[in-house]
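What's in start_25.cif: mmCIF, C-alpha atoms and all ligand atoms
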```
data_query
#
loop_
_atom_site.label_atom_id
_atom_site.label_comp_id
_atom_site.auth_asym_id
_atom_site.auth_seq_id
_atom_site.Cartn_x
_atom_site.Cartn_y
_atom_site.Cartn_z
CA MET H 12 0.00 0.00 0.00
CA ALA H 13 1.08 3.55 -0.54
CA SER H 14 0.10 7.18 -0.61
CA VAL H 15 -0.57 8.99 -3.91
CA THR H 16 0.50 12.56 -4.58
CA PHE H 17 -0.42 14.76 -7.52
CA ASP H 18 1.88 17.76 -7.61
CA LYS H 19 0.66 20.47 -10.01
CA ALA H 20 -0.17 17.68 -12.47
CA THR H 21 -1.41 19.10 -15.77
CA ARG H 22 -2.69 17.58 -19.00
CA CYS H 23 -3.32 19.72 -22.08
CA PHE H 24 -5.00 18.17 -25.13
CA PRO H 25 -4.32 19.89 -28.42
CA GLY H 26 -7.13 22.19 -29.51
CA MET H 27 -8.67 22.61 -26.04
CA ALA H 28 -9.11 26.14 -24.74
CA HIS H 29 -7.98 25.13 -21.23
CA PRO H 30 -6.11 22.10 -19.86
CA ALA H 31 -8.23 18.99 -19.25
CA VAL H 32 -6.54 18.89 -15.83
CA CYS H 33 -4.80 22.01 -14.56
CA ASP H 34 -2.23 22.16 -11.72
CA LEU H 35 -3.84 19.34 -9.76
CA ASP H 36 -2.48 19.24 -6.20
CA LEU H 37 -3.89 16.30 -4.28
CA ALA H 38 -2.41 14.20 -1.50
CA ILE H 39 -4.11 10.85 -0.91
CA ALA H 40 -3.10 9.04 2.27
CA ASP H 41 -2.00 5.42 2.47
CA GLY H 42 -5.14 3.29 2.69
CA GLU H 43 -7.49 6.17 1.93
CA PHE H 44 -10.58 5.91 -0.31
CA MET H 45 -10.54 9.11 -2.38
CA VAL H 46 -13.39 9.89 -4.76
CA LEU H 47 -12.85 12.24 -7.70
CA VAL H 48 -16.25 13.70 -8.51
CA GLY H 49 -17.57 16.31 -10.91
CA PRO H 50 -19.75 16.77 -13.97
CA SER H 51 -18.97 15.25 -17.35
CA GLY H 52 -15.81 16.69 -18.87
CA CYS H 53 -14.38 18.09 -15.61
CA GLY H 54 -11.16 16.07 -15.95
CA LYS H 55 -11.67 13.33 -13.39
CA SER H 56 -11.03 10.40 -15.78
CA THR H 57 -8.00 12.19 -17.22
CA SER H 58 -6.61 12.60 -13.67
CA LEU H 59 -7.10 8.89 -13.00
CA ARG H 60 -5.57 7.95 -16.36
CA MET H 61 -2.54 10.14 -15.60
CA LEU H 62 -2.10 8.24 -12.35
CA ALA H 63 -2.48 4.94 -14.23
CA GLY H 64 0.11 5.97 -16.82
CA LEU H 65 -2.48 5.82 -19.63
CA GLU H 66 -2.28 9.57 -20.22
CA GLU H 67 0.77 11.82 -20.52
CA VAL H 68 1.53 14.39 -17.83
CA ASP H 69 2.50 17.66 -19.55
CA ARG H 70 3.55 19.52 -16.40
CA GLY H 71 3.94 18.66 -12.74
CA SER H 72 4.48 15.21 -11.26
CA ILE H 73 2.79 12.20 -9.67
CA ARG H 74 4.17 10.00 -6.88
CA ILE H 75 3.03 6.65 -5.54
CA GLY H 76 4.55 6.30 -2.09
CA ASP H 77 8.08 7.67 -2.37
CA GLN H 78 8.44 6.76 -6.01
CA GLU H 79 8.00 9.33 -8.75
CA VAL H 80 5.91 7.60 -11.44
CA THR H 81 5.16 10.56 -13.74
CA HIS H 82 6.75 8.99 -16.80
CA LEU H 83 6.76 5.30 -15.84
CA PRO H 84 4.81 2.88 -18.04
CA PRO H 85 1.57 1.54 -16.48
CA LYS H 86 3.00 -1.92 -15.83
CA ASP H 87 5.69 -0.50 -13.54
CA ARG H 88 3.28 1.42 -11.29
CA ASP H 89 1.86 -1.41 -9.17
CA ILE H 90 -1.72 -0.31 -9.66
CA ALA H 91 -4.87 -2.20 -10.70
CA MET H 92 -7.70 -0.55 -12.54
CA VAL H 93 -11.41 -1.38 -12.68
CA PHE H 94 -13.09 0.11 -15.74
CA GLN H 95 -16.67 1.09 -16.42
CA ASN H 96 -17.11 -1.65 -19.06
CA TYR H 97 -15.25 -4.25 -16.92
CA ALA H 98 -13.09 -5.22 -19.96
CA LEU H 99 -13.40 -8.97 -19.25
CA TYR H 100 -12.12 -11.47 -21.80
CA PRO H 101 -15.30 -13.06 -23.20
CA HIS H 102 -13.71 -16.41 -24.01
CA MET H 103 -12.22 -16.90 -20.53
CA THR H 104 -13.90 -18.25 -17.40
CA THR H 105 -14.23 -16.17 -14.25
CA ALA H 106 -11.19 -17.92 -12.77
CA ALA H 107 -9.10 -17.33 -15.90
CA ASN H 108 -10.17 -13.70 -16.11
CA MET H 109 -9.28 -13.14 -12.48
CA GLY H 110 -5.96 -14.91 -12.76
CA PHE H 111 -4.89 -13.51 -16.11
CA ALA H 112 -2.54 -10.80 -14.85
CA LEU H 113 -0.91 -13.28 -12.46
CA LYS H 114 -0.40 -15.74 -15.30
CA MET H 115 1.23 -13.01 -17.38
CA ALA H 116 3.49 -12.27 -14.42
CA ARG H 117 4.40 -15.99 -14.41
CA MET H 118 3.17 -16.62 -10.91
CA PRO H 119 3.34 -20.35 -10.00
CA LYS H 120 0.01 -22.07 -10.68
CA ASP H 121 -0.66 -23.10 -7.07
CA ARG H 122 -0.19 -19.61 -5.73
CA MET H 123 -2.29 -18.19 -8.52
CA ARG H 124 -5.15 -20.62 -7.79
CA GLU H 125 -4.95 -19.75 -4.11
CA ARG H 126 -5.15 -16.00 -4.78
CA VAL H 127 -8.10 -16.44 -7.14
CA ARG H 128 -9.87 -18.67 -4.61
CA GLU H 129 -9.35 -16.12 -1.84
CA ALA H 130 -10.62 -13.23 -3.97
CA ALA H 131 -13.61 -15.31 -5.13
CA ALA H 132 -14.48 -15.99 -1.50
CA ILE H 133 -14.29 -12.28 -0.62
CA LEU H 134 -16.51 -11.43 -3.58
CA ASP H 135 -18.91 -14.36 -3.24
CA LEU H 136 -17.96 -15.72 -6.64
CA GLN H 137 -16.97 -19.28 -5.66
CA ASP H 138 -19.90 -20.82 -7.54
CA TYR H 139 -19.17 -18.94 -10.75
CA LEU H 140 -15.48 -19.65 -11.29
CA ASP H 141 -16.10 -21.87 -14.33
CA ARG H 142 -18.59 -19.57 -16.06
CA LYS H 143 -17.81 -17.23 -18.92
CA PRO H 144 -18.84 -13.55 -18.76
CA LYS H 145 -21.86 -13.98 -21.04
CA SER H 146 -23.52 -16.28 -18.52
CA LEU H 147 -22.95 -13.91 -15.60
CA SER H 148 -25.26 -11.09 -14.45
CA GLY H 149 -24.09 -7.47 -14.61
CA GLY H 150 -23.39 -7.45 -10.88
CA GLN H 151 -21.38 -10.69 -11.10
CA ARG H 152 -19.32 -9.34 -14.01
CA GLN H 153 -18.62 -6.24 -11.98
CA ARG H 154 -17.39 -8.44 -9.12
CA VAL H 155 -15.13 -10.42 -11.50
CA ALA H 156 -13.60 -7.11 -12.61
CA MET H 157 -13.04 -6.25 -8.95
CA GLY H 158 -11.59 -9.72 -8.36
CA ARG H 159 -9.14 -9.26 -11.17
CA ALA H 160 -7.86 -6.12 -9.44
CA ILE H 161 -7.80 -7.69 -5.96
CA VAL H 162 -5.74 -10.77 -6.89
CA ARG H 163 -2.88 -8.55 -7.97
CA GLU H 164 -2.60 -7.07 -4.46
CA PRO H 165 -1.56 -3.72 -5.90
CA GLN H 166 -0.46 -0.64 -4.02
CA VAL H 167 -3.40 1.35 -5.42
CA PHE H 168 -6.82 0.53 -6.88
CA LEU H 169 -8.08 2.86 -9.59
CA MET H 170 -11.78 2.70 -10.40
CA ASP H 171 -13.44 4.61 -13.22
CA GLU H 172 -17.24 4.68 -12.83
CA PRO H 173 -17.30 0.94 -12.04
CA LEU H 174 -21.01 0.95 -11.19
CA SER H 175 -22.41 2.82 -14.15
CA ASN H 176 -23.55 -0.31 -16.02
CA LEU H 177 -25.61 -1.61 -13.09
CA ASP H 178 -29.28 -0.91 -12.48
CA ALA H 179 -30.24 1.50 -9.70
CA LYS H 180 -30.85 -1.13 -7.00
CA LEU H 181 -27.67 -3.07 -7.71
CA ARG H 182 -25.66 0.15 -7.75
CA VAL H 183 -26.74 0.93 -4.21
CA GLN H 184 -25.90 -2.61 -3.03
CA THR H 185 -22.59 -2.72 -4.87
CA ARG H 186 -21.39 0.68 -3.73
CA THR H 187 -21.75 -0.49 -0.14
CA GLN H 188 -19.92 -3.73 -0.97
CA ILE H 189 -17.03 -1.86 -2.59
CA ALA H 190 -16.72 0.54 0.34
CA VAL H 191 -16.74 -2.35 2.85
CA LEU H 192 -14.24 -4.32 0.75
CA GLN H 193 -11.91 -1.34 0.45
CA ARG H 194 -11.90 -0.90 4.21
CA ARG H 195 -11.27 -4.58 4.74
CA LEU H 196 -8.35 -4.69 2.30
CA GLY H 197 -7.07 -1.26 3.33
CA THR H 198 -5.78 -0.59 -0.19
CA THR H 199 -5.41 3.04 -1.23
CA THR H 200 -8.20 3.65 -3.75
CA VAL H 201 -8.94 6.42 -6.22
CA TYR H 202 -12.51 6.22 -7.49
CA VAL H 203 -14.02 8.35 -10.26
CA THR H 204 -17.72 9.11 -10.49
CA HIS H 205 -20.04 11.85 -11.70
CA ASP H 206 -22.60 10.74 -9.12
CA GLN H 207 -22.45 12.90 -6.03
CA VAL H 208 -24.43 10.39 -3.96
CA GLU H 209 -21.78 7.74 -4.70
CA ALA H 210 -19.09 10.26 -3.76
CA MET H 211 -20.81 11.18 -0.50
CA THR H 212 -21.49 7.61 0.59
CA MET H 213 -18.32 5.80 -0.45
CA GLY H 214 -15.28 7.99 0.04
CA ASP H 215 -13.21 8.84 3.09
CA ARG H 216 -12.72 12.14 1.26
CA LEU H 217 -13.87 13.59 -2.02
CA ALA H 218 -12.14 15.87 -4.47
CA VAL H 219 -14.65 17.96 -6.42
CA MET H 220 -13.52 19.05 -9.90
CA LYS H 221 -14.87 21.43 -12.52
CA ASP H 222 -13.38 22.47 -15.88
CA GLY H 223 -10.07 20.76 -15.07
CA LEU H 224 -9.70 22.60 -11.76
CA LEU H 225 -9.89 21.13 -8.28
CA GLN H 226 -12.62 22.98 -6.40
CA GLN H 227 -12.50 21.43 -2.94
CA VAL H 228 -11.12 18.42 -1.06
CA GLY H 229 -12.62 17.19 2.19
CA THR H 230 -14.63 14.55 3.99
CA PRO H 231 -18.21 14.23 2.74
CA LYS H 232 -19.36 15.94 5.94
CA GLU H 233 -16.97 18.89 5.52
CA VAL H 234 -17.81 19.43 1.87
CA PHE H 235 -21.54 19.25 2.57
CA ALA H 236 -21.40 21.55 5.60
CA HIS H 237 -18.89 24.04 4.20
CA PRO H 238 -18.93 24.07 0.40
CA ALA H 239 -16.04 26.22 -0.78
CA ASN H 240 -17.98 27.93 -3.56
CA THR H 241 -21.34 28.08 -5.29
CA PHE H 242 -20.36 25.32 -7.71
CA VAL H 243 -19.67 22.81 -4.92
CA ALA H 244 -22.74 24.05 -3.04
CA GLY H 245 -24.94 23.29 -6.05
CA PHE H 246 -23.22 20.03 -6.98
CA ILE H 247 -23.01 18.23 -3.63
CA GLY H 248 -26.37 17.47 -2.01
CA SER H 249 -29.55 16.19 -3.58
CA PRO H 250 -31.75 17.97 -4.44
CA ALA H 251 -29.31 20.82 -4.98
CA MET H 252 -28.93 23.76 -2.63
CA ASN H 253 -31.12 26.76 -3.52
CA LEU H 254 -29.00 29.79 -4.39
CA PHE H 255 -30.47 33.31 -4.22
CA ARG H 256 -28.76 36.50 -5.29
CA LEU H 257 -29.87 39.12 -2.77
CA PRO H 258 -29.11 42.79 -2.04
CA ILE H 259 -27.00 43.32 1.08
CA THR H 260 -28.76 45.37 3.76
CA ALA H 261 -27.26 47.05 6.84
CA ASP H 262 -27.33 43.90 8.95
CA GLY H 263 -27.86 41.04 6.56
CA VAL H 264 -30.18 40.13 3.71
CA ARG H 265 -33.92 39.93 3.18
CA LEU H 266 -35.48 36.79 1.76
CA GLY H 267 -39.15 37.56 1.10
CA SER H 268 -40.35 39.26 4.28
CA LEU H 269 -37.75 37.42 6.31
CA THR H 270 -34.77 39.38 7.62
CA LEU H 271 -31.68 37.22 8.03
CA ALA H 272 -29.08 38.87 10.25
CA LEU H 273 -25.60 37.81 9.13
CA PRO H 274 -22.26 38.04 10.95
CA HIS H 275 -20.37 41.28 10.54
CA ASP H 276 -17.38 39.57 8.90
CA THR H 277 -19.62 37.94 6.34
CA LEU H 278 -21.17 41.24 5.34
CA ARG H 279 -17.84 43.03 5.20
CA ALA H 280 -16.34 40.34 2.95
CA ALA H 281 -19.50 40.28 0.82
CA GLY H 282 -19.16 44.02 0.18
CA THR H 283 -15.54 43.76 -1.02
CA GLY H 284 -14.95 45.83 -4.13
CA GLY H 285 -18.21 47.71 -3.62
CA ALA H 286 -20.44 44.65 -4.23
CA THR H 287 -24.05 45.29 -3.26
CA GLU H 288 -25.29 41.70 -3.47
CA LEU H 289 -24.37 38.30 -2.08
CA THR H 290 -25.42 34.76 -2.94
CA LEU H 291 -27.39 33.07 -0.20
CA GLY H 292 -27.58 29.26 -0.16
CA VAL H 293 -30.34 27.29 1.55
CA ARG H 294 -30.55 23.52 1.36
CA PRO H 295 -34.07 22.22 0.60
CA GLU H 296 -34.27 20.46 3.97
CA ARG H 297 -33.40 23.61 5.93
CA PHE H 298 -36.65 25.38 5.10
CA GLU H 299 -39.40 25.13 7.68
CA ALA H 300 -43.02 25.38 6.56
CA LEU H 301 -45.01 27.93 8.53
CA SER H 302 -48.52 27.13 9.59
CA PRO H 303 -51.06 28.34 6.98
CA GLU H 304 -52.92 30.35 9.65
CA ASP H 305 -49.74 32.12 10.69
CA LEU H 306 -49.56 35.04 8.31
CA GLU H 307 -47.82 37.25 10.89
CA THR H 308 -44.51 35.39 10.94
CA PRO H 309 -42.14 36.67 8.26
CA GLY H 310 -41.12 34.19 5.60
CA LEU H 311 -40.66 33.47 1.92
CA ASP H 312 -43.90 33.05 -0.05
CA LEU H 313 -43.90 30.21 -2.56
CA VAL H 314 -46.32 28.75 -5.07
CA VAL H 315 -46.12 25.00 -5.54
CA ASP H 316 -45.47 23.88 -9.14
CA ALA H 317 -45.03 20.14 -8.55
CA VAL H 318 -44.82 17.70 -5.66
CA GLU H 319 -42.62 14.59 -5.44
CA ASP H 320 -43.87 12.18 -2.79
CA THR H 321 -41.23 9.62 -1.81
CA GLY H 322 -43.27 8.26 1.09
CA SER H 323 -40.99 9.46 3.86
CA VAL H 324 -40.30 13.00 2.61
CA ALA H 325 -41.93 15.33 0.10
CA TYR H 326 -40.04 17.50 -2.36
CA LEU H 327 -41.95 20.63 -3.33
CA HIS H 328 -40.84 22.31 -6.54
CA THR H 329 -42.01 25.87 -6.14
CA THR H 330 -41.58 29.41 -7.44
CA ALA H 331 -40.85 32.52 -5.37
CA LYS H 332 -41.10 36.13 -6.48
CA LEU H 333 -37.94 37.97 -5.49
CA GLY H 334 -38.11 41.58 -6.64
CA GLN H 335 -39.15 41.34 -10.26
CA ASP H 336 -37.75 37.85 -10.72
CA LEU H 337 -39.51 34.50 -10.52
CA VAL H 338 -37.06 32.11 -8.88
CA PRO H 339 -37.39 28.30 -8.64
CA VAL H 340 -37.10 27.00 -5.07
CA VAL H 341 -37.00 23.37 -3.91
CA VAL H 342 -38.23 22.59 -0.41
CA ARG H 343 -37.99 19.24 1.35
CA LEU H 344 -40.55 18.60 4.05
CA PRO H 345 -40.81 15.52 6.28
CA GLY H 346 -43.69 13.06 5.94
CA ARG H 347 -46.38 12.87 3.30
CA PRO H 348 -47.09 16.04 1.30
CA THR H 349 -49.87 18.25 2.55
CA HIS H 350 -49.57 20.66 -0.39
CA GLY H 351 -50.58 20.25 -4.02
CA LYS H 352 -49.87 21.99 -7.31
CA GLY H 353 -50.95 25.63 -7.23
CA ASP H 354 -51.01 25.88 -3.41
CA ALA H 355 -49.39 28.79 -1.62
CA LEU H 356 -46.87 28.11 1.11
CA ARG H 357 -44.77 30.29 3.39
CA VAL H 358 -41.41 29.02 4.61
CA ALA H 359 -38.80 30.31 7.01
CA VAL H 360 -35.13 29.53 7.53
CA ARG H 361 -32.86 30.23 10.49
CA PRO H 362 -29.92 32.58 9.90
CA ASP H 363 -27.51 29.90 11.13
CA ALA H 364 -28.83 27.43 8.52
CA VAL H 365 -27.75 29.43 5.48
CA HIS H 366 -24.56 29.53 3.43
CA CYS H 367 -23.19 32.82 2.08
CA PHE H 368 -21.05 33.28 -1.01
CA SER H 369 -19.56 36.28 -2.75
CA ALA H 370 -21.81 37.31 -5.64
CA ALA H 371 -18.68 38.41 -7.51
CA THR H 372 -16.41 35.38 -7.10
CA GLY H 373 -18.78 32.63 -5.96
CA LEU H 374 -16.40 31.85 -3.05
CA ARG H 375 -17.71 31.04 0.40
CA LEU H 376 -17.73 34.04 2.71
CA PRO H 377 -16.16 33.80 6.17
CA ASP H 378 -18.06 33.09 9.36
CA THR H 379 -20.94 31.26 7.82
CA ALA H 380 -20.80 27.86 9.37
CA PRO H 381 -24.27 26.40 9.62
CA ALA H 382 -24.67 23.25 11.66
CA GLU H 383 -25.85 20.77 9.00
P1 LIG Z 1 -16.82 11.97 -18.09
O1 LIG Z 1 -17.53 11.80 -16.78
O2 LIG Z 1 -17.75 12.42 -19.19
O3 LIG Z 1 -15.95 10.82 -18.48
P2 LIG Z 1 -14.51 13.43 -17.12
O4 LIG Z 1 -14.71 14.37 -15.99
O5 LIG Z 1 -13.95 12.10 -16.77
O6 LIG Z 1 -15.86 13.25 -17.92
P3 LIG Z 1 -12.34 13.66 -18.95
O7 LIG Z 1 -12.68 12.40 -19.68
O8 LIG Z 1 -11.20 13.64 -18.03
O9 LIG Z 1 -13.61 14.19 -18.16
O10 LIG Z 1 -12.15 14.83 -20.01
C1 LIG Z 1 -11.76 16.13 -19.64
C2 LIG Z 1 -11.72 16.98 -20.88
O11 LIG Z 1 -10.67 16.55 -21.73
C3 LIG Z 1 -13.00 16.92 -21.72
O12 LIG Z 1 -13.28 18.21 -22.23
C4 LIG Z 1 -12.65 15.96 -22.83
O13 LIG Z 1 -13.37 16.26 -24.01
C5 LIG Z 1 -11.17 16.22 -23.02
N1 LIG Z 1 -10.46 15.01 -23.48
C6 LIG Z 1 -10.37 13.83 -22.84
N2 LIG Z 1 -9.60 12.96 -23.53
C7 LIG Z 1 -9.20 13.60 -24.65
C8 LIG Z 1 -8.38 13.25 -25.78
N3 LIG Z 1 -7.81 12.04 -25.86
N4 LIG Z 1 -8.19 14.18 -26.73
C9 LIG Z 1 -8.73 15.41 -26.65
N5 LIG Z 1 -9.50 15.82 -25.61
C10 LIG Z 1 -9.75 14.93 -24.63
#
```

Transcribe the structure of this file into structure tokens.
Ligand code: ATP
Amino acid sequence: MASVTFDKATRCFPGMAHPAVCDLDLAIADGEFMVLVGPSGCGKSTSLRMLAGLEEVDRGSIRIGDQEVTHLPPKDRDIAMVFQNYALYPHMTTAANMGFALKMARMPKDRMRERVREAAAILDLQDYLDRKPKSLSGGQRQRVAMGRAIVREPQVFLMDEPLSNLDAKLRVQTRTQIAVLQRRLGTTTVYVTHDQVEAMTMGDRLAVMKDGLLQQVGTPKEVFAHPANTFVAGFIGSPAMNLFRLPITADGVRLGSLTLALPHDTLRAAGTGGATELTLGVRPERFEALSPEDLETPGLDLVVDAVEDTGSVAYLHTTAKLGQDLVPVVVRLPGRPTHGKGDALRVAVRPDAVHCFSAATGLRLPDTAPAE
């Protein structure tokens, strides 16, 4: 096992306006499960491929443990990769697929069989060792691909969207299995996904990327509670955080008829460069519905456009009028929905449950640390 360090690693493809990955600085600890997450095209697969040696590094360097691997061929990096399409050999059995890399490395047959047997036991594949991929389910194929990585006992596992070919239910099951397996083996793992729920539930830490640039690195809890900018705020959390651009008043901001007093430092930073607005973030679950009879309590007035009833919580897709603008707002309320399309609703939010960002730069403003 080993740590992984990206040091200003950069990859520029010809013809692209900006690097696919730009000055990536990321230190992954020995044994850590790090998830690279971001929307399509943000550079996460390129980062992983640079670490695997499948993509050139134009500037900067990459280390695995103490060894600089920036320009080493993939076979000399002691890594094992699990791809989205599994890349199993169709004519080989499960056992042969799992043992293939060991055979190539000329491992003695007995040891190879033992390693395959052990990995099959871990992955619950003992009964499928003689089957070929076409007679395995999607989930079983995925486990064979994992098995092929495990038997090599590499220093680092690299996984590129390994669950994307599975149906929704199997994805949920398998993501738990992979996370449990990683902890059991203790192998440093770098895992790429565009799915923020996968990132939040699987990783020890996540690295959020956009347009080739690292936006934030932290534990799921840290990133959720303190998103570094409006991009991370909108990307992590489902449904997404509501973001409102609001005029700054003497002591805070007004959201509908609600006055939210904000810390002095927040307001001072928000006003940097003469800015008169800030971006206020409210997660859907942080709104509280006011009682319909209570028209005295200040709040934000909403009109319900659509209701999603999941059984345990209701998501209300609504519209608010802020100044002259009609703004979409998502509210999550516990229990079964009591509102329908076209209904009016007034919600409130506590000042310590909001996130504040600079309207100019999108960066998080100081002293806004809501307890999520
Ligand atoms: P996805 O989730 O869609 O796979 P990603 O975040 O993994 O996206 P990358 O595959 O790393 O993104 O691509 C980053 C950027 O680099 C994209 O704009 C992509 O079009 C570009 N890119 C990737 N590979 C190449 C290549 N071989 N040649 C030219 N451009 C490339």

### Query
Of the candidates H:Thr241, H:Thr57, H:Thr104, H:Gln137, which shows the shortest atom-to-atom distance to ligand LIG 1 (chain Z), using all atoms listed in the file?
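Ranking H:Thr241, H:Thr57, H:Thr104, H:Gln137 by distance to ligand LIG 1 (chain Z), first place goes to H:Thr57.
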
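Of the residues under consideration (H:Lys221, H:Arg163, H:Lys180, H:Arg186), H:Lys221 shows the shortest atom-to-atom contact distance to Pro30 (chain H) when counting only C-alpha atoms.
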
#### Entry: Environment of ligand LIG 1 (chain Z) within 9 Å, counting all atoms listed in the file, reported as a ChimeraX atom specification
/H:22-27,29-32,47-60,66,171-172,203-205,220-223

Let me see the file: selected residues, C-alpha atoms, as a PDB file, keeping the file's coordinate frame.
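Resulting contents of result_17.pdb:
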```pdb
ATOM      1  CA  ARG H  22      -2.690  17.580 -19.000  1.00  0.00           C
ATOM      2  CA  CYS H  23      -3.320  19.720 -22.080  1.00  0.00           C
ATOM      3  CA  PHE H  24      -5.000  18.170 -25.130  1.00  0.00           C
ATOM      4  CA  PRO H  25      -4.320  19.890 -28.420  1.00  0.00           C
ATOM      5  CA  GLY H  26      -7.130  22.190 -29.510  1.00  0.00           C
ATOM      6  CA  MET H  27      -8.670  22.610 -26.040  1.00  0.00           C
ATOM      7  CA  HIS H  29      -7.980  25.130 -21.230  1.00  0.00           C
ATOM      8  CA  PRO H  30      -6.110  22.100 -19.860  1.00  0.00           C
ATOM      9  CA  ALA H  31      -8.230  18.990 -19.250  1.00  0.00           C
ATOM     10  CA  VAL H  32      -6.540  18.890 -15.830  1.00  0.00           C
ATOM     11  CA  LEU H  47     -12.850  12.240  -7.700  1.00  0.00           C
ATOM     12  CA  VAL H  48     -16.250  13.700  -8.510  1.00  0.00           C
ATOM     13  CA  GLY H  49     -17.570  16.310 -10.910  1.00  0.00           C
ATOM     14  CA  PRO H  50     -19.750  16.770 -13.970  1.00  0.00           C
ATOM     15  CA  SER H  51     -18.970  15.250 -17.350  1.00  0.00           C
ATOM     16  CA  GLY H  52     -15.810  16.690 -18.870  1.00  0.00           C
ATOM     17  CA  CYS H  53     -14.380  18.090 -15.610  1.00  0.00           C
ATOM     18  CA  GLY H  54     -11.160  16.070 -15.950  1.00  0.00           C
ATOM     19  CA  LYS H  55     -11.670  13.330 -13.390  1.00  0.00           C
ATOM     20  CA  SER H  56     -11.030  10.400 -15.780  1.00  0.00           C
ATOM     21  CA  THR H  57      -8.000  12.190 -17.220  1.00  0.00           C
ATOM     22  CA  SER H  58      -6.610  12.600 -13.670  1.00  0.00           C
ATOM     23  CA  LEU H  59      -7.100   8.890 -13.000  1.00  0.00           C
ATOM     24  CA  ARG H  60      -5.570   7.950 -16.360  1.00  0.00           C
ATOM     25  CA  GLU H  66      -2.280   9.570 -20.220  1.00  0.00           C
ATOM     26  CA  ASP H 171     -13.440   4.610 -13.220  1.00  0.00           C
ATOM     27  CA  GLU H 172     -17.240   4.680 -12.830  1.00  0.00           C
ATOM     28  CA  VAL H 203     -14.020   8.350 -10.260  1.00  0.00           C
ATOM     29  CA  THR H 204     -17.720   9.110 -10.490  1.00  0.00           C
ATOM     30  CA  HIS H 205     -20.040  11.850 -11.700  1.00  0.00           C
ATOM     31  CA  MET H 220     -13.520  19.050  -9.900  1.00  0.00           C
ATOM     32  CA  LYS H 221     -14.870  21.430 -12.520  1.00  0.00           C
ATOM     33  CA  ASP H 222     -13.380  22.470 -15.880  1.00  0.00           C
ATOM     34  CA  GLY H 223     -10.070  20.760 -15.070  1.00  0.00           C
TER      35      GLY H 223
END
```

### Task
Considering all atoms listed in the file, return as an MDAnalysis selection string whatever protein or nucleic-acid residues lie within 8 Å of Ala355 (chain H), sequence-local ones (same chain, fewer than 3 positions apart) excluded.
chainID H and resid 312:315

### Query
To one decimal place, how far is CA of Val93 (chain H) from CA of Met157 (chain H) in Å?
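Taking CA of Val93 (chain H) as the start and CA of Met157 (chain H) as the end point, the length is 6.3 Å.
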
### Query
Expressed in Å to a single decimal, how great is the separation between CA of Arg195 (chain H) and CA of Asp36 (chain H)?
27.6 Å

### Query
Neighbours of region 334-340 of chain H within 9 Å (all atoms listed in the file; same-chain residues fewer than 6 positions away dropped), as a PyMOL selection string?
chain H and resi 253-255+267+295+313+327-328

Leaving out Ala40 (chain H) and any residue of its chain fewer than 2 positions from it, which residues lie within 9 Å of it when counting only C-alpha atoms, given as a PDB file with C-alpha atoms, keeping the file's coordinate frame?
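The result, stored in part27.pdb:
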```pdb
ATOM      1  CA  ALA H  13       1.080   3.550  -0.540  1.00  0.00           C
ATOM      2  CA  SER H  14       0.100   7.180  -0.610  1.00  0.00           C
ATOM      3  CA  VAL H  15      -0.570   8.990  -3.910  1.00  0.00           C
ATOM      4  CA  THR H  16       0.500  12.560  -4.580  1.00  0.00           C
ATOM      5  CA  ALA H  38      -2.410  14.200  -1.500  1.00  0.00           C
ATOM      6  CA  GLY H  42      -5.140   3.290   2.690  1.00  0.00           C
ATOM      7  CA  GLU H  43      -7.490   6.170   1.930  1.00  0.00           C
ATOM      8  CA  PHE H  44     -10.580   5.910  -0.310  1.00  0.00           C
ATOM      9  CA  MET H  45     -10.540   9.110  -2.380  1.00  0.00           C
ATOM     10  CA  THR H 199      -5.410   3.040  -1.230  1.00  0.00           C
TER      11      THR H 199
END
```

### Query
By how many Å are CA of Met211 (chain H) and CA of Leu192 (chain H) apart?
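Result for CA of Met211 (chain H) versus CA of Leu192 (chain H): 16.9 Å, one decimal.
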
### Task
Scan for residues within 12 Å of the point (-21.3, 26.7, -5.9) in the coordinates of the file, using only C-alpha atoms, and reply as a count of residues only.
38

### Query
Which residue out of H:Asp354, H:Ser323, H:Arg256, H:Leu271 has the minimum interatomic distance to Ala371 (chain H) when all atoms listed in the file are used?
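Of the candidates, the smallest distance to Ala371 (chain H) is held by H:Arg256.
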
### Task
Show which residues sit within 10 Å of Met109 (chain H), as an MDAnalysis selection string. Count only C-alpha atoms, and ignore same-chain residues fewer than 2 positions away.
chainID H and resid 99:100 103:107 111:114 123:124 126:128 130:131 140 154:163

If I wrap all listed atoms of region 175-181 of chain H in a box with edges along x, y and z and add 3 Å on each side, what are its centre and edge lengths in Å to one decimal, as lines of an AutoDock Vina configuration file?
```
center_x = -26.6
center_y = -0.1
center_z = -11.5
size_x = 14.4
size_y = 11.9
size_z = 15.0
```

### Query
Looking at H:Val167, H:Val318, H:Ala261, H:Ala300, which one is nearest to Gly197 (chain H), with distances taken over only C-alpha atoms?
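Counting only C-alpha atoms, the residue closest to Gly197 (chain H) is H:Val167.
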
### Query
With only C-alpha atoms as the atoms that count, which of H:Val360, H:Val341, H:Ala190, H:Ala179 lies nearest to Ala317 (chain H)?
H:Val341

### H:Pro250, H:Pro362, H:Gly64, H:Pro101 ranked by distance to Leu169 (chain H), top pick (using all atoms listed in the file)
H:Gly64
